[in-house]
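The next block holds one structure in the form of structure tokens; read it before the comments.
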Amino acid sequence: MRRVLAVLGILAVLAGPGRGAEAKKYVALTFDDGPSGKYTRRLLDGLYDRGVKATFLLCGYRIKDYPDITQRIFDEGHEIGYHGYSHKNMKDMSRRTIAAEIMDTQALLPEGCNPVFLRPPGGCCGDAVRQVAQARHLAILNWSVDPRDWATHDTAAVERSVLENVKDGDIVLLHDMTDCSVQAALDIVDALLEQNYELVTVSQLAKLRGVSLRPGQVYYRFGP
């Protein structure tokens with residue numbers, strides 16, 4: 001009898017989830033202000049080598065300068081969102097000007113690229129931004145982790161700021177405008193992968209969490 005119970009116990013353990021099993025954790029890395037030329041190329045090379053996808057919030061005037069890199073971002077399966085054309089603060093713009101910032105950028109995007117996110121420069125979001133985003137069927141993308149990589153050339157400090165604060169479902173704000181930021185981003189990717197995080201695009205993260213994006217709504221993270 002004891003042997004039968006022991007066998008049944010073993011089978012129950014094998015059939016069910018292990019005690020030490022952990023739920024999958026997800027993070028979305030986002031990159032503002034690009035494309036930038038060599039820095040974006042280096043970042044894309046690193047992400048490709050690691051099999052990781054990210055979300056790029058692009059500026060129209062930079063897309064105009066680097067259409068080949070924009071095409072590569074799209075072709076390699078990364079997500080593209082709007083960051084305005086001029087990178088000027090949208091909070092005090094008229095609705096007409098905000099709409100022009102979006103439409104002028106849209107005209108430069110690769111064929112078949114249909115962004116679902118707008119990230120106003122600096123995250124500055126007033127009523128006009130929300131109204132235009134709603135009319136253009138765009139969700140507004142903010143963030144939950146900001147290491148301020150644009151303000152420092154200390155790679156280690158950027159890495160610590162992210163890794164000490166990041167949680168499942170976070171959206172991390174980074175830039176692909178300096179060697180420091182790109183190196184920090186790739187080091188962060190390596191560390192998160194070691195911690196059993198999966199790096200996904202923001203749209204993928206929202207879908208994984210069962211969130212239907214609403215135009216004009218501001219999103220900061222998609223927690224479990």
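Identifiers in the structure tokens: chain A, B, ... in order shown; residue index from 1 per chain; ligand index from 1 in order shown.
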
Selection: 12 Å around Ser144 of chain A, only C-alpha atoms, excl. self and same-chain fewer than 6 positions, as a list of chain:residue names: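 What passes the distance filter is A:Val27, A:Ala28, A:Leu29, A:Thr30, A:Gly123, A:Val162, A:Asn165, A:Val166, A:Lys167, A:Asp168, A:Gly169, A:Asp170, A:Ile171, A:Val172, A:Leu173, A:Leu174, A:Val218, A:Tyr219, A:Tyr220, A:Arg221, A:Phe222, A:Gly223.
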
Residues just named, written with N, CA and C atoms as a CSV table (one decimal), in the first residue's frame:
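What ended up in selection-v8.csv:
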chain,number,residue,atom,x,y,z
A,27,VAL,N,9.2,42.3,-20.1
A,27,VAL,CA,9.6,43.8,-20.1
A,27,VAL,C,9.6,44.2,-21.5
A,28,ALA,N,9.2,45.5,-21.8
A,28,ALA,CA,9.3,46.1,-23.1
A,28,ALA,C,10.4,47.2,-23.0
A,29,LEU,N,11.4,47.1,-23.8
A,29,LEU,CA,12.4,48.2,-24.0
A,29,LEU,C,11.9,49.1,-25.1
A,30,THR,N,12.0,50.4,-24.8
A,30,THR,CA,11.6,51.4,-25.9
A,30,THR,C,12.7,52.4,-26.1
A,123,GLY,N,7.1,63.1,-22.9
A,123,GLY,CA,5.9,62.5,-22.3
A,123,GLY,C,4.9,63.6,-21.9
A,162,VAL,N,18.1,50.8,-14.1
A,162,VAL,CA,17.1,49.9,-14.7
A,162,VAL,C,16.9,48.7,-13.9
A,165,ASN,N,15.2,48.6,-10.5
A,165,ASN,CA,13.9,49.1,-10.4
A,165,ASN,C,12.9,48.3,-11.3
A,166,VAL,N,13.4,47.6,-12.2
A,166,VAL,CA,12.5,47.0,-13.2
A,166,VAL,C,11.7,45.8,-12.6
A,167,LYS,N,10.4,45.7,-13.0
A,167,LYS,CA,9.5,44.7,-12.6
A,167,LYS,C,8.8,44.1,-13.8
A,168,ASP,N,8.1,43.0,-13.6
A,168,ASP,CA,7.3,42.3,-14.6
A,168,ASP,C,6.3,43.3,-15.1
A,169,GLY,N,6.3,43.5,-16.4
A,169,GLY,CA,5.3,44.4,-17.1
A,169,GLY,C,5.7,45.8,-17.3
A,170,ASP,N,7.0,46.1,-16.9
A,170,ASP,CA,7.4,47.5,-17.0
A,170,ASP,C,7.7,47.9,-18.5
A,171,ILE,N,7.6,49.2,-18.7
A,171,ILE,CA,8.1,49.8,-20.0
A,171,ILE,C,9.3,50.7,-19.7
A,172,VAL,N,10.4,50.4,-20.3
A,172,VAL,CA,11.7,51.0,-20.0
A,172,VAL,C,12.0,52.1,-21.1
A,173,LEU,N,12.3,53.3,-20.6
A,173,LEU,CA,12.6,54.4,-21.6
A,173,LEU,C,14.1,54.4,-21.7
A,174,LEU,N,14.6,54.3,-23.0
A,174,LEU,CA,16.0,54.4,-23.3
A,174,LEU,C,16.1,55.2,-24.6
A,218,VAL,N,-3.5,56.9,-22.0
A,218,VAL,CA,-2.1,56.9,-21.7
A,218,VAL,C,-1.8,55.7,-21.0
A,219,TYR,N,-0.7,55.0,-21.4
A,219,TYR,CA,-0.3,53.7,-20.8
A,219,TYR,C,1.2,53.9,-20.3
A,220,TYR,N,1.4,53.4,-19.1
A,220,TYR,CA,2.7,53.5,-18.4
A,220,TYR,C,3.4,52.1,-18.3
A,221,ARG,N,2.6,51.1,-18.1
A,221,ARG,CA,3.1,49.7,-17.9
A,221,ARG,C,1.9,48.7,-18.1
A,222,PHE,N,2.3,47.4,-18.2
A,222,PHE,CA,1.2,46.4,-18.3
A,222,PHE,C,1.6,45.3,-17.4
A,223,GLY,N,1.3,45.5,-16.1
A,223,GLY,CA,1.6,44.5,-15.1
A,223,GLY,C,0.8,43.3,-15.1

Those in segment 19-216 of chain A with strand (DSSP E) from DSSP, as a ChimeraX atom specification: /A:25-32,55-58,79-82,117-118,139-141,171-175,197-199

Sorted per-residue table, segment 89-128 of chain A near segment 49-64 of chain A, closest atoms and distance, 8 Å, only C-alpha atoms, as a tab-separated table:
residue	atom	partner	partner_atom	distance
A:Glu101	CA	A:Gly60	CA	7.9
A:Asp104	CA	A:Gly60	CA	6.9
A:Thr105	CA	A:Gly60	CA	4.4
A:Gln106	CA	A:Gly60	CA	7.8
A:Leu108	CA	A:Ile63	CA	6.7
A:Leu109	CA	A:Ile63	CA	7.6
A:Leu118	CA	A:Leu57	CA	7.7
A:Arg119	CA	A:Leu57	CA	6.8

What's the 7 Å shell around Pro120 of chain A, counting only C-alpha atoms, without same-chain residues fewer than 6 positions away, as a PDB file with N, CA, C and O atoms, in the first residue's frame?
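The resulting selection.pdb:
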ATOM      1  N   HIS A  83       7.073  59.697 -32.519  1.00  0.00           N
ATOM      2  CA  HIS A  83       7.648  60.585 -31.504  1.00  0.00           C
ATOM      3  C   HIS A  83       7.636  62.024 -32.013  1.00  0.00           C
ATOM      4  O   HIS A  83       8.464  62.853 -31.626  1.00  0.00           O
ATOM      5  N   GLY A  84       6.677  62.292 -32.897  1.00  0.00           N
ATOM      6  CA  GLY A  84       6.592  63.607 -33.516  1.00  0.00           C
ATOM      7  C   GLY A  84       7.550  63.732 -34.689  1.00  0.00           C
ATOM      8  O   GLY A  84       8.424  62.888 -34.891  1.00  0.00           O
ATOM      9  N   MET A  90       4.820  68.951 -27.515  1.00  0.00           N
ATOM     10  CA  MET A  90       3.480  68.989 -28.095  1.00  0.00           C
ATOM     11  C   MET A  90       2.432  69.588 -27.168  1.00  0.00           C
ATOM     12  O   MET A  90       1.317  69.868 -27.595  1.00  0.00           O
TER      13      MET A  90
END

Wanna dump the segment 113-133 of chain A-segment 200-212 of chain A contacts at 10 Å for me, each residue with its shortest atom pair and the distance in Å to one decimal, counting only C-alpha atoms, ordered by chain and number, as a tab-separated table?
residue	atom	partner	partner_atom	distance
A:Pro115	CA	A:Ser203	CA	9.9
A:Val116	CA	A:Ser203	CA	8.2
A:Phe117	CA	A:Ser203	CA	8.8

Among listed residues A:Val132, A:Gln217, A:His153, A:Ile140, nearest Val182 of chain A (using only C-alpha atoms):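 Ranked by minimum distance to Val182 of chain A, first place goes to A:His153.
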
Contact residues around Val189 of chain A with only C-alpha atoms at 9 Å, ignoring same-chain residues under 2 positions, as number ranges by chain: A: 29, 47, 50, 52, 184-187, 191-194, 197, 199

May I have the selected residues written with C-alpha atoms, as a PDB file, in the first residue's frame?
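Printed below is selection.pdb as written:
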ATOM      1  CA  LEU A  29      12.369  48.215 -23.959  1.00  0.00           C
ATOM      2  CA  LEU A  47      19.237  42.984 -30.578  1.00  0.00           C
ATOM      3  CA  ARG A  50      20.140  38.186 -28.943  1.00  0.00           C
ATOM      4  CA  VAL A  52      15.168  40.385 -28.925  1.00  0.00           C
ATOM      5  CA  ALA A 184      23.823  49.997 -21.396  1.00  0.00           C
ATOM      6  CA  ALA A 185      20.786  48.761 -23.322  1.00  0.00           C
ATOM      7  CA  LEU A 186      22.551  45.622 -24.522  1.00  0.00           C
ATOM      8  CA  ASP A 187      23.955  44.913 -21.053  1.00  0.00           C
ATOM      9  CA  ALA A 191      20.961  40.766 -17.472  1.00  0.00           C
ATOM     10  CA  LEU A 192      17.188  40.541 -17.927  1.00  0.00           C
ATOM     11  CA  LEU A 193      17.471  37.410 -20.052  1.00  0.00           C
ATOM     12  CA  GLU A 194      19.542  35.814 -17.301  1.00  0.00           C
ATOM     13  CA  TYR A 197      12.602  37.956 -18.459  1.00  0.00           C
ATOM     14  CA  LEU A 199      11.895  41.113 -23.940  1.00  0.00           C
TER      15      LEU A 199
END

Atom CA of Tyr82 of chain A to atom CA of Ile102 of chain A, distance in Å rounded to a single decimal: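 Going from atom CA of Tyr82 of chain A over to atom CA of Ile102 of chain A, I get 6.8 Å.
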
Using only C-alpha atoms: which of A:Ala135, A:Ala151, A:Leu163, A:Ala157 has the shortest distance to Thr178 of chain A: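 Counting only C-alpha atoms, the residue closest to Thr178 of chain A is A:Ala151.
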
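Residue nearest Asp68 of chain A within the list A:Tyr26, A:His87, A:Arg41, A:Arg148: A:Arg41 [criterion: smallest interatomic distance, only C-alpha atoms].
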
Atomic distance atom CA of Gly216 of chain A - atom CA of Asp146 of chain A, expressed in Å with one decimal: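 For atom CA of Gly216 of chain A relative to atom CA of Asp146 of chain A, the distance reads 22.1 Å.
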
Helix (DSSP H, G or I) per DSSP on the backbone: members of chain A, as a PyMOL selection string: chain A and resi 2-15+38-50+60-65+67-75+95-106+121-123+127-135+149-151+155-163+179-194+202-208

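Computed from the coordinates, the atom CA of Glu76 of chain A to atom CA of Asp32 of chain A distance equals 17.6 Å.
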
Closest of A:Cys125, A:Ala107, A:Gly46, A:Asn114 to Asp190 of chain A - atom-to-atom distances counting only C-alpha atoms: A:Gly46
